[in-house]
Number of protein chains: 2
Amino acid sequence: MVKVTFTSHNKEIYCNKGEKLLDVARDAEIFIDAPCNGNVSCGKCKVRLIKGKVDTEKTHHIKDEEWNQGYILACNTKVIEDIDIEVPSKLSASMHGMKIEGSDKKKDKEVFDRAKKIIEENNFEFKTNIVKTYIEIDEPTLDDNISDIDRIERYVRNHLGYDEIDFTIELLRKVPTVIREDNFKVTITYIKKKNKITILNIESGNTENKLYGVAIDIGTTSVVICLVDLYTKEIVDKASSGNAQIKYGADVIHRIVYSTKKNGLKELNEAVVEETINPLLDSIYTRNSVDKDNVVSLVVAGNTTMTSLFLGVYTDFLRQEPFIPPFLKSPRLIGKDVRLNINDSAYVFIAPSVASYVGGDITAGVLSAGIWSSEENVLFIDLGTNGEIVFGNRDYMMSCACSAGPAFEGGGISCGMRASNGAIEKVKIDKETLKPTLTTIGDVSPIGICGSGIIDLICQMLLTGIIDRRGKIHRDIDNERIIFNEYETGEYVLAFKEEYNLDQDITINEVDIDNFIKAKGAIYSGASVLIESLGMDFSVIDKVYIAGGIGNNLDIENSILIGLLPDIEREKFIYIGNSSLVGSYLALISKDAKKKLQEIGSEITYVELSVYPTYMDEFISACFLPHTNIEQFPTIKSKLGE
Amino acid sequence: MVKVTFTSHNKEIYCNKGEKLLDVARDAEIFIDAPCNGNVSCGKCKVRLIKGKVDTEKTHHIKDEEWNQGYILACNTKVIEDIDIEVPSKLSASMHGMKIEGSDKKKDKEVFDRAKKIIEENNFEFKTNIVKTYIEIDEPTLDDNISDIDRIERYVRNHLGYDEIDFTIELLRKVPTVIREDNFKVTITYIKKKNKITILNIESGNTENKLYGVAIDIGTTSVVICLVDLYTKEIVDKASSGNAQIKYGADVIHRIVYSTKKNGLKELNEAVVEETINPLLDSIYTRNSVDKDNVVSLVVAGNTTMTSLFLGVYTDFLRQEPFIPPFLKSPRLIGKDVRLNINDSAYVFIAPSVASYVGGDITAGVLSAGIWSSEENVLFIDLGTNGEIVFGNRDYMMSCACSAGPAFEGGGISCGMRASNGAIEKVKIDKETLKPTLTTIGDVSPIGICGSGIIDLICQMLLTGIIDRRGKIHRDIDNERIIFNEYETGEYVLAFKEEYNLDQDITINEVDIDNFIKAKGAIYSGASVLIESLGMDFSVIDKVYIAGGIGNNLDIENSILIGLLPDIEREKFIYIGNSSLVGSYLALISKDAKKKLQEIGSEITYVELSVYPTYMDEFISACFLPHTNIEQFPTIKSKLGE
């Protein structure tokens with residue numbers, strides 16, 4: 001056995017000689033970014049050897065300067081003796097670490113108003129089917145000695161008008177003591193179902209005003225939870241963090257592959273349930289003095305893979321042709337089934353999926369965007385870790401999935417990060433000096449770049465002539481910010497480490513740009529083919545909703561300029577942020593909305609792009625800035641001087 | 001820390017100085033009989049100190065000879081240094097240890113026939129609502145890529161005619177891999193409910209003939225399980241053992257008290273689930289090559305306390321006036337709720353209770369005895385650890401509970417044991433020599449005495465003049481088998497240890513006899529008051545069913561002679577053994593019987609004896625052999641020479 005000391009985390013762990021450093025870090029529960037899951041292809045698992053020797057090799061991901069400083073790839077390194085390792089902390093923390101972000105009252109109000117609008121426009125009832133009622137039950141005597149459960153049932157029959165009560169074994173275990181704590185004065189929480197009620201919770205005394213629900217958006221990259229007061233229907237608090245599954249791969253495909261390994265499915269399930277969501281719940285409960293037993297309703301939205309892994313269901317057949325999801329609509333579930341820190345008997349609803357790569361995040365998004373009741377033609381684009389597109393109106397809805405990868409959430413980009421504090425969200429480059437002006441989320445020092453920032457950056461690099469329309473850096477520019485490494489890969493420095501006291505420079509290189517161009521090309525070509533399959537073109541679109549964690553400052557003009565979005569009237573575009581969370585919130589506060597969400601799962605038709613004949617050609621044409629056929633971008637043509 | 005070595009079990013355990021030896025043994029998972037749960041009142045936790053010193057005191061439970069040999073009470077002993085302890089093994093093992101008894105084909109046939117008779121007489125359907133069907137589902141293609149669950153549902157809708165399928169999360173987790181093991185050829189097990197089915201199991205290939213259920217009788221003293229082939233409805237195997245809860249007290253009251261201690265409820269729950277039933281299930285599965293996942297139905301019968309502890313429900317209000325049970329009918333439960341080694345999604349049914357001290361063992365017994373459909377007046381007596389009585393016919397049923405204690409199952413009697421191999425079940429005493437002739441179950445050496453043996457023994461002791469009608473041993477008998485200890489308690493030796501190579505003599509003493517007389521007095525007076533409360537007397541009885549673990553060789557004549565049973569025509573008495581198990585078995589193999597069992601819970605009226613004015617007088621009069629009023633026993637009068 002040899003000892004590995006992670007100096008950055010004050011952690012020591014013993015391992016066998018010859019073990020892979022990345023695995024050792026995972027055993028020590030230290031998050032190291034590994035989007036490619038240890039295949040030595042992405043170069044993200046860079047760590048620094050401080051002391052001792054290892055068995056490793058230099059790759060093109062490591063610059064000479066870094067190599068001299070001790071930087072190695074954890075996935076490409078075997079431990080052979082006692083070593084000290086430093087894990088670059090800032091990026092790692094912002095990308096994956098727990099990060100509770102306070103609720104933004106203004107934004108919460110917007111979400112509430114948007115949800116309320118959908119509810120009002122569609123004449124939905126602004127209420128759930130969960131009720132909380134304080135009751136005073138007759139105390140038992142020798143002459144009236146029916147059982148505790150029968151006593152509750154008798155009260156319910158005589159005073160609330162239901163014939164029967166139903167309850168779980170967990171609740172039964174609480175009843176005898178709880179009803180006696182305050183002399184048979186209790187508050188019951190229940191779901192109505194015809195002449196029957198299912199009791200979800202029982203508490204002593206009057207606790208009628210403590211009734212909560214949680215909406216969760218499980219993204220491949222980030223997870224957001226939203227605590228809702230089911231009494232007022234208002235958002236109490238929100239919290240988000242990176243999805244801890246990220247250590248097993250940045251995209252769903254890598255995670256699915258990992259899930260097939262021994263204990264892989266269990267590890268992935270625990271990563272999202274126990275390492276991501278439960279800590280978020282606990283922190284939000286503490287901050288708001290909420291008891292988990294008062295959380296009696298849960299709505300979860302996520303893509304098909306995320307939903308399956310959340311429930312611990314085997315996902316590998318999603319990945320293998322003919323790409324079969326295990327389920328689209330989940331069975332009836334209660335709190336304990338999903339092992340979350342909520343009431344064991346809580347009513348759990350999982351937003352339905354449409355197909356293997358169009359999941360509950362999309363149906364929830366469609367619910368909140370109101371496409372299903374719209375007379376206008378709506379194009380809905382979710383720029384998440386994958387890209388999903390829905391096109392339609394109240395009469396029909398078509399959907400497809402594009403293998404866009406995680407670029408819009410900062411994945412697959414050297415210095416990419418999700419849209420949270422410290423992320424560069426806007427970039428302007430001076431045409432003369434090539435010096436960038438950066439705007440970061442939270443107005444703090446930059447630590448990385450998020451989706452909206454990358455769009456600005458690539459657009460600016462194109463307009464200032466740093467890159468050509470293929471995304472390649474011009475070889476003849478002489479500027480301190482343009483660097484070519486020993487493998488001739490060009491790189492543009494957004495922020496020198498000295499400027500902001502960083503561990504490393506913040507840069508974008510040609511590989512990053514290529515990744516991004518492929519991502520935007522997948523989206524554009526996907527939307528194009530989807531609409532074309534109906535015999536239409538982009539001119540029929542009345543509205544474009546853009547959803548996803550790309551960042552609030554998405555610049556539509558720039559997005560069109562680089563060919564991510566079609567060149568149509570700018571006022572048709574609306575950025576709607578995390579529409580999956582809004583949809584989940586809607587389903588949480590209105591039973592009619594929940595019912596509609598379930599229906600949307602069946603109403604959307606899925607189009608499999610990979611078998612669609614013209615898709616590949618369209619995609620290749622779209623892997624250009626903005627497109628090989630510039631005629632598709634008439635308003636851009638002049639800007640590029642063509 | 002000091003070390004305690006249990007030489008008899010080859011176990012060592014470390015404990016703190018000053019810890020109670022009984023607690024140390026429990027920590028070491030060594031069963032020591034402690035019916036009074038460590039109150040130094042029953043004297044059953046006798047162990048032998050082999051080496052070392054302890055802090056203990058001699059009590060009247062320990063004879064001088066025993067004291068000299070190192071016998072001490074574990075509950076009255078503190079460990080102060082390293083010691084070696086021997087736990088008398090034979091009794092302990094037979095009373096509490098795991099003991100798998102092979103199925104008796106003849107007896108099983110009797111049970112089957114009895115159940116079949118009830119089914120036929122009442123026009124019940126001889127089938128359950130659980131179905132197992134082999135199906136061949138279309139394999140998915142790119143053009144037919146609906147989800148696995150939708151694919152199963154589509155098959156069910158098109159070929160089996162149900163609209164909807166319902167399933168648990170456990171099942172969902174199995175589906176993707178199981179359906180592909182044999183190319184979408186699977187066998188599904190399901191419960192029908194109107195136009196919907198709930199899937200309990202899915203297996204690859206054709207396994208239609210593997211369909212099992214388990215009936216369990218959880219007695220306070222013993223637990224019996226019965227594996228049933230739900231295809232043929234026949235009993236595959238049976239197994240039984242002592243209830244491991246016995247280490248926390250012999251009767252329900254001691255256990256309830258223990259359940260209120262820290263972790264007490266959990267320990268009692270685990271004792272019956274993990275230490276008693278699961279090992280029985282595992283052994284029976286191994287013996288019959290049955291896979292636990294194929295066990296999809298469970299019926300459990302037990303008294304109200306046993307049922308509550310089995311489900312982990314707090315029981316203390318059963319014990320406190322006004323004696324309120326937590327529940328009578330259990331909620332809907334599935335396998336994983338009860339943590340038994342059966343299919344996680346198995347359909348679990350708990351026989352309903354009538355009141356705090358008339359439980360599901362009685363409703364199941366009543367089901368199997370057919371009282372509810374009888375035109376004749378039936379008196380049903382369950383001689384279990386408690387005594388419960390039901391009187392009635394098809395028009396009405398009344399019930400009461402008698403605090404008889406565990407004497408009929410050998411509890412509270414020095415050498416008492418349950419009716420299993422080695423138990424003395426018949427006794428004859430020679431009037432001259434006072435030497436007994438013993439018949440044991442299994443024709444092996446005696447190791448203790450069971451209920452039927454005790455009845456014979458007391459009857460014989462009365463008839464041979466060893467005891468008087470109060471149960472006291474005549475002081476003037478000079479015989480080696482009659483011994484008086486230093487506290488002047490008389491004792492009769494049934495078997496000298498030298499005769500059978502035992503650790504100790506098998507004896508019955510005046511305290512045992514007194515315990516037994518109180519038990520039989522409670523039963524007789526209970527039955528008497530119950531019938532009297534209806535304005536009737538014993539003459540109206542057409543049939544007396546005697547149930548319980550008292551032993552197959554119950555001698556009716558002797559039982560009447562000692563005043564346990566009323567002095568009516570002998571042919572009216574029928575010993576029906578473990579009627580609770582037969583009732584559970586019935587409910588397992590016929591859905592109509594299960595429905596009837598649920599109804600019986602509501603149809604039986606409970607009479608609380610403790611508040612019935614004449615009960616105490618009746619009880620005191622019955623604490624005599626046979627009764628203070630010999631006129632109630634006209635046929636016995638002459639035999640006793642009166």
# chains A, B, ... in the order shown; residues from 1 in each chain; ligands from 1

$ closest_atom_pairs --of "chain B" --to "chain A" --cutoff "6 Å" --atoms "only C-alpha atoms" --output "tab-separated table"
residue	atom	partner	partner_atom	distance
B:Thr141	CA	A:Pro322	CA	5.5
B:Leu142	CA	A:Pro322	CA	4.8
B:Asn145	CA	A:Ile324	CA	5.8
B:Ser147	CA	A:Pro325	CA	4.8
B:Asp148	CA	A:Pro326	CA	4.9
B:Ile149	CA	A:Phe327	CA	5.2
B:Arg173	CA	A:Val313	CA	4.6
B:Pro176	CA	A:Pro326	CA	5.8
B:Val313	CA	A:Arg173	CA	4.6
B:Pro322	CA	A:Leu142	CA	4.8
B:Ile324	CA	A:Ser147	CA	5.5
B:Pro325	CA	A:Ser147	CA	4.8
B:Pro326	CA	A:Asp148	CA	4.9
B:Phe327	CA	A:Ser147	CA	5.0

$ residues_around --residues "Gly442 (chain B)" --least-positions-apart "2" --cutoff "9 Å" --atoms "only C-alpha atoms" --output "ChimeraX atom specification"
/B:420-423,439-440,444-445

$ residues_around --residues "Glu208 (chain B)" --least-positions-apart "5" --cutoff "8 Å" --atoms "only C-alpha atoms" --output "PDB file with N, CA and C atoms, in the first residue's frame"
ATOM      1  N   LYS B 132     -49.957 -16.248 -13.030  1.00  0.00           N
ATOM      2  CA  LYS B 132     -48.627 -16.254 -13.622  1.00  0.00           C
ATOM      3  C   LYS B 132     -48.758 -16.686 -15.080  1.00  0.00           C
ATOM      4  N   THR B 133     -48.239 -15.903 -15.985  1.00  0.00           N
ATOM      5  CA  THR B 133     -48.435 -16.170 -17.415  1.00  0.00           C
ATOM      6  C   THR B 133     -47.153 -15.960 -18.206  1.00  0.00           C
ATOM      7  N   TYR B 134     -46.859 -16.905 -19.048  1.00  0.00           N
ATOM      8  CA  TYR B 134     -45.715 -16.802 -19.961  1.00  0.00           C
ATOM      9  C   TYR B 134     -46.153 -16.018 -21.190  1.00  0.00           C
ATOM     10  N   THR B 187     -42.041 -14.405 -18.170  1.00  0.00           N
ATOM     11  CA  THR B 187     -43.216 -14.848 -17.434  1.00  0.00           C
ATOM     12  C   THR B 187     -43.541 -13.751 -16.425  1.00  0.00           C
TER      13      THR B 187
END

$ select_by_dssp --residues "region 248-410 of chain B" --states "strand (DSSP E)" --output "VMD selection string"
chain B and resid 295 to 302 333 to 334 347 to 350 378 to 383 387 to 392 397 to 402

$ atom_distance --atom1 "CA of Gly641 (chain A)" --atom2 "CA of Ile413 (chain A)"
28.7 Å

$ residues_around --residues "Gly465 (chain A)" --least-positions-apart "2" --cutoff "10 Å" --atoms "only C-alpha atoms" --output "compact mmCIF listing (two decimals) with C-alpha atoms, in the first residue's frame"
# COMPACT_ATOMS: atom_id res chain seq x y z
CA LYS A 431 -10.44 45.12 -32.59
CA LEU A 434 -7.50 42.09 -29.06
CA CYS A 459 -18.69 35.84 -32.24
CA GLN A 460 -16.17 38.49 -31.21
CA MET A 461 -13.21 36.35 -32.28
CA LEU A 462 -14.86 35.98 -35.68
CA LEU A 463 -15.66 39.69 -36.04
CA ILE A 467 -10.68 33.13 -36.15
CA ASP A 468 -11.93 32.31 -39.59
CA ARG A 469 -15.30 30.86 -40.47
CA ILE A 473 -7.10 30.98 -35.37
CA HIS A 474 -5.29 32.98 -38.02
CA ILE A 477 -1.57 37.47 -35.79
CA LEU A 640 -19.02 39.40 -42.29

$ residues_around --residues "Tyr357 (chain B)" --least-positions-apart "4" --cutoff "7 Å" --atoms "only C-alpha atoms" --output "compact mmCIF listing (two decimals) with C-alpha atoms, in the first residue's frame"
# COMPACT_ATOMS: atom_id res chain seq x y z
CA ASN B 303 -52.13 -11.83 18.17
CA THR B 304 -52.47 -8.06 18.19
CA ALA B 401 -59.26 -12.87 26.18

$ closest_residue --among "A:Glu29, A:Asp430, A:Gly526, A:Ser373" --to "Asn123 (chain A)" --atoms "only C-alpha atoms"
A:Ser373

$ atom_distance --atom1 "CA of Leu281 (chain B)" --atom2 "CA of Ala369 (chain B)"
26.7 Å

$ closest_residue --among "B:Tyr71, B:Tyr258, B:Phe112, B:Phe408" --to "Thr385 (chain B)" --atoms "only C-alpha atoms"
B:Phe408

$ closest_residue --among "A:Arg26, A:Lys572, A:Lys261, A:Lys520" --to "Gly384 (chain A)" --atoms "only C-alpha atoms"
A:Lys520

$ residues_around --residues "region 103-111 of chain B" --least-positions-apart "2" --cutoff "12 Å" --atoms "only C-alpha atoms" --output "PDB file with N, CA and C atoms, in the first residue's frame"
ATOM      1  N   ILE B 100     -35.846 -26.496  12.685  1.00  0.00           N
ATOM      2  CA  ILE B 100     -36.645 -26.723  11.489  1.00  0.00           C
ATOM      3  C   ILE B 100     -37.230 -28.116  11.600  1.00  0.00           C
ATOM      4  N   GLU B 101     -38.542 -28.190  11.580  1.00  0.00           N
ATOM      5  CA  GLU B 101     -39.139 -29.516  11.624  1.00  0.00           C
ATOM      6  C   GLU B 101     -39.667 -29.845  10.246  1.00  0.00           C
ATOM      7  N   ASP B 113     -56.998 -30.953   3.476  1.00  0.00           N
ATOM      8  CA  ASP B 113     -58.364 -31.451   3.403  1.00  0.00           C
ATOM      9  C   ASP B 113     -59.323 -30.577   4.201  1.00  0.00           C
ATOM     10  N   ARG B 114     -58.848 -30.127   5.363  1.00  0.00           N
ATOM     11  CA  ARG B 114     -59.713 -29.289   6.198  1.00  0.00           C
ATOM     12  C   ARG B 114     -60.004 -27.969   5.484  1.00  0.00           C
ATOM     13  N   ALA B 115     -58.955 -27.415   4.908  1.00  0.00           N
ATOM     14  CA  ALA B 115     -59.125 -26.157   4.188  1.00  0.00           C
ATOM     15  C   ALA B 115     -60.063 -26.352   2.998  1.00  0.00           C
ATOM     16  N   LYS B 116     -59.847 -27.470   2.295  1.00  0.00           N
ATOM     17  CA  LYS B 116     -60.663 -27.741   1.111  1.00  0.00           C
ATOM     18  C   LYS B 116     -62.136 -27.889   1.494  1.00  0.00           C
ATOM     19  N   LYS B 117     -62.355 -28.513   2.648  1.00  0.00           N
ATOM     20  CA  LYS B 117     -63.730 -28.723   3.124  1.00  0.00           C
ATOM     21  C   LYS B 117     -64.416 -27.368   3.355  1.00  0.00           C
ATOM     22  N   ILE B 118     -63.689 -26.453   4.027  1.00  0.00           N
ATOM     23  CA  ILE B 118     -64.253 -25.115   4.292  1.00  0.00           C
ATOM     24  C   ILE B 118     -64.563 -24.416   2.964  1.00  0.00           C
ATOM     25  N   VAL B 224     -44.553 -20.585  13.160  1.00  0.00           N
ATOM     26  CA  VAL B 224     -44.632 -21.656  12.175  1.00  0.00           C
ATOM     27  C   VAL B 224     -44.814 -21.038  10.801  1.00  0.00           C
ATOM     28  N   ILE B 225     -44.028 -21.517   9.841  1.00  0.00           N
ATOM     29  CA  ILE B 225     -44.240 -21.045   8.483  1.00  0.00           C
ATOM     30  C   ILE B 225     -44.560 -22.222   7.585  1.00  0.00           C
ATOM     31  N   CYS B 226     -45.279 -21.938   6.549  1.00  0.00           N
ATOM     32  CA  CYS B 226     -45.824 -22.970   5.696  1.00  0.00           C
ATOM     33  C   CYS B 226     -45.670 -22.493   4.256  1.00  0.00           C
ATOM     34  N   LEU B 227     -44.854 -23.201   3.490  1.00  0.00           N
ATOM     35  CA  LEU B 227     -44.640 -22.832   2.084  1.00  0.00           C
ATOM     36  C   LEU B 227     -45.677 -23.537   1.234  1.00  0.00           C
ATOM     37  N   VAL B 228     -46.398 -22.782   0.431  1.00  0.00           N
ATOM     38  CA  VAL B 228     -47.521 -23.339  -0.319  1.00  0.00           C
ATOM     39  C   VAL B 228     -47.296 -23.136  -1.818  1.00  0.00           C
ATOM     40  N   LYS B 233     -51.946 -25.562  -4.881  1.00  0.00           N
ATOM     41  CA  LYS B 233     -52.509 -25.189  -3.582  1.00  0.00           C
ATOM     42  C   LYS B 233     -52.023 -26.118  -2.451  1.00  0.00           C
ATOM     43  N   GLU B 234     -51.092 -26.983  -2.772  1.00  0.00           N
ATOM     44  CA  GLU B 234     -50.639 -27.915  -1.748  1.00  0.00           C
ATOM     45  C   GLU B 234     -49.512 -27.351  -0.892  1.00  0.00           C
ATOM     46  N   ILE B 235     -49.382 -27.893   0.315  1.00  0.00           N
ATOM     47  CA  ILE B 235     -48.317 -27.473   1.217  1.00  0.00           C
ATOM     48  C   ILE B 235     -47.018 -28.128   0.765  1.00  0.00           C
ATOM     49  N   VAL B 236     -46.013 -27.334   0.478  1.00  0.00           N
ATOM     50  CA  VAL B 236     -44.729 -27.864   0.024  1.00  0.00           C
ATOM     51  C   VAL B 236     -43.889 -28.274   1.226  1.00  0.00           C
ATOM     52  N   ASP B 237     -43.885 -27.410   2.227  1.00  0.00           N
ATOM     53  CA  ASP B 237     -43.050 -27.703   3.396  1.00  0.00           C
ATOM     54  C   ASP B 237     -43.475 -26.808   4.551  1.00  0.00           C
ATOM     55  N   LYS B 238     -43.102 -27.218   5.737  1.00  0.00           N
ATOM     56  CA  LYS B 238     -43.380 -26.414   6.917  1.00  0.00           C
ATOM     57  C   LYS B 238     -42.105 -26.303   7.744  1.00  0.00           C
ATOM     58  N   ALA B 239     -41.992 -25.244   8.520  1.00  0.00           N
ATOM     59  CA  ALA B 239     -40.856 -25.121   9.439  1.00  0.00           C
ATOM     60  C   ALA B 239     -41.326 -24.310  10.627  1.00  0.00           C
ATOM     61  N   SER B 240     -40.730 -24.563  11.765  1.00  0.00           N
ATOM     62  CA  SER B 240     -41.130 -23.805  12.943  1.00  0.00           C
ATOM     63  C   SER B 240     -39.947 -23.630  13.865  1.00  0.00           C
ATOM     64  N   ILE B 284     -36.151 -23.277   4.429  1.00  0.00           N
ATOM     65  CA  ILE B 284     -37.183 -23.983   3.676  1.00  0.00           C
ATOM     66  C   ILE B 284     -36.977 -23.782   2.169  1.00  0.00           C
ATOM     67  N   ARG B 287     -34.100 -26.161   1.212  1.00  0.00           N
ATOM     68  CA  ARG B 287     -34.543 -27.547   1.202  1.00  0.00           C
ATOM     69  C   ARG B 287     -35.400 -27.874  -0.014  1.00  0.00           C
ATOM     70  N   ASN B 288     -36.111 -26.866  -0.521  1.00  0.00           N
ATOM     71  CA  ASN B 288     -37.041 -27.132  -1.627  1.00  0.00           C
ATOM     72  C   ASN B 288     -36.642 -26.451  -2.931  1.00  0.00           C
ATOM     73  N   SER B 368     -60.911 -20.941   9.929  1.00  0.00           N
ATOM     74  CA  SER B 368     -60.665 -22.350   9.636  1.00  0.00           C
ATOM     75  C   SER B 368     -61.622 -23.269  10.392  1.00  0.00           C
ATOM     76  N   ALA B 369     -62.143 -22.793  11.532  1.00  0.00           N
ATOM     77  CA  ALA B 369     -63.067 -23.630  12.301  1.00  0.00           C
ATOM     78  C   ALA B 369     -64.489 -23.510  11.763  1.00  0.00           C
ATOM     79  N   ASN B 552     -50.658 -32.560  20.332  1.00  0.00           N
ATOM     80  CA  ASN B 552     -51.704 -33.343  19.673  1.00  0.00           C
ATOM     81  C   ASN B 552     -52.400 -34.324  20.596  1.00  0.00           C
ATOM     82  N   ILE B 576     -58.157 -29.055  17.319  1.00  0.00           N
ATOM     83  CA  ILE B 576     -57.892 -28.681  15.922  1.00  0.00           C
ATOM     84  C   ILE B 576     -56.482 -28.125  15.715  1.00  0.00           C
ATOM     85  N   GLY B 577     -55.628 -28.210  16.742  1.00  0.00           N
ATOM     86  CA  GLY B 577     -54.222 -27.820  16.571  1.00  0.00           C
ATOM     87  C   GLY B 577     -54.055 -26.349  16.240  1.00  0.00           C
ATOM     88  N   ASN B 578     -53.110 -26.085  15.346  1.00  0.00           N
ATOM     89  CA  ASN B 578     -52.790 -24.698  15.012  1.00  0.00           C
ATOM     90  C   ASN B 578     -53.805 -24.158  13.995  1.00  0.00           C
ATOM     91  N   SER B 579     -54.943 -23.740  14.494  1.00  0.00           N
ATOM     92  CA  SER B 579     -56.017 -23.280  13.604  1.00  0.00           C
ATOM     93  C   SER B 579     -55.665 -21.949  12.959  1.00  0.00           C
ATOM     94  N   SER B 580     -54.789 -21.206  13.610  1.00  0.00           N
ATOM     95  CA  SER B 580     -54.364 -19.932  13.053  1.00  0.00           C
ATOM     96  C   SER B 580     -53.602 -20.166  11.754  1.00  0.00           C
ATOM     97  N   LEU B 581     -52.740 -21.191  11.752  1.00  0.00           N
ATOM     98  CA  LEU B 581     -51.986 -21.505  10.538  1.00  0.00           C
ATOM     99  C   LEU B 581     -52.915 -22.021   9.441  1.00  0.00           C
ATOM    100  N   VAL B 582     -53.887 -22.846   9.848  1.00  0.00           N
ATOM    101  CA  VAL B 582     -54.818 -23.381   8.851  1.00  0.00           C
ATOM    102  C   VAL B 582     -55.614 -22.229   8.235  1.00  0.00           C
ATOM    103  N   GLY B 583     -56.027 -21.275   9.073  1.00  0.00           N
ATOM    104  CA  GLY B 583     -56.770 -20.121   8.564  1.00  0.00           C
ATOM    105  C   GLY B 583     -55.929 -19.285   7.612  1.00  0.00           C
ATOM    106  N   SER B 584     -54.665 -19.110   7.963  1.00  0.00           N
ATOM    107  CA  SER B 584     -53.777 -18.330   7.087  1.00  0.00           C
ATOM    108  C   SER B 584     -53.592 -19.046   5.758  1.00  0.00           C
ATOM    109  N   TYR B 585     -53.451 -20.359   5.867  1.00  0.00           N
ATOM    110  CA  TYR B 585     -53.292 -21.178   4.665  1.00  0.00           C
ATOM    111  C   TYR B 585     -54.522 -21.042   3.767  1.00  0.00           C
ATOM    112  N   LEU B 586     -55.685 -21.096   4.398  1.00  0.00           N
ATOM    113  CA  LEU B 586     -56.948 -20.941   3.664  1.00  0.00           C
ATOM    114  C   LEU B 586     -56.985 -19.601   2.917  1.00  0.00           C
TER     115      LEU B 586
END

$ select_by_dssp --residues "region 458-612 of chain A" --states "alpha helix (DSSP H)" --output "ChimeraX atom specification"
/A:458-463,497-500,510-532,556-561,579-589,591-603

$ residues_around --residues "Ser525 (chain B)" --least-positions-apart "2" --cutoff "7 Å" --atoms "only C-alpha atoms" --output "number ranges by chain"
B: 521-523, 527-529, 615, 618-619, 622

$ write_last_selection --atoms "N, CA and C atoms" --output "short mmCIF file (atom, residue, chain, number, x, y, z; two decimals), in the first residue's frame"
data_model
loop_
_atom_site.label_atom_id
_atom_site.label_comp_id
_atom_site.auth_asym_id
_atom_site.auth_seq_id
_atom_site.Cartn_x
_atom_site.Cartn_y
_atom_site.Cartn_z
N GLY B 521 -57.71 -21.94 35.17
CA GLY B 521 -58.82 -21.23 35.81
C GLY B 521 -59.26 -20.03 34.98
N ALA B 522 -58.29 -19.36 34.38
CA ALA B 522 -58.61 -18.20 33.54
C ALA B 522 -59.43 -18.62 32.33
N ILE B 523 -59.05 -19.75 31.74
CA ILE B 523 -59.76 -20.24 30.55
C ILE B 523 -61.19 -20.64 30.91
N ALA B 527 -64.58 -18.68 29.60
CA ALA B 527 -65.61 -19.31 28.78
C ALA B 527 -66.96 -19.23 29.49
N SER B 528 -66.91 -19.48 30.77
CA SER B 528 -68.12 -19.49 31.57
C SER B 528 -68.81 -18.11 31.57
N VAL B 529 -68.02 -17.06 31.80
CA VAL B 529 -68.58 -15.70 31.85
C VAL B 529 -69.06 -15.27 30.47
N TYR B 615 -66.55 -11.64 36.83
CA TYR B 615 -65.41 -12.41 36.33
C TYR B 615 -64.42 -12.81 37.42
N GLU B 618 -65.58 -15.66 39.54
CA GLU B 618 -65.57 -16.90 38.75
C GLU B 618 -64.15 -17.44 38.62
N PHE B 619 -63.23 -16.53 38.41
CA PHE B 619 -61.83 -16.94 38.23
C PHE B 619 -61.30 -17.59 39.51
N ALA B 622 -62.47 -20.96 40.01
CA ALA B 622 -61.92 -21.91 39.05
C ALA B 622 -60.46 -22.26 39.35
#

$ closest_residue --among "A:Thr59, A:Ile179, A:Trp67, A:Ile85" --to "Ser8 (chain A)" --atoms "only C-alpha atoms"
A:Ile85

$ atom_distance --atom1 "CA of Lys639 (chain A)" --atom2 "CA of Ile517 (chain A)"
19.1 Å
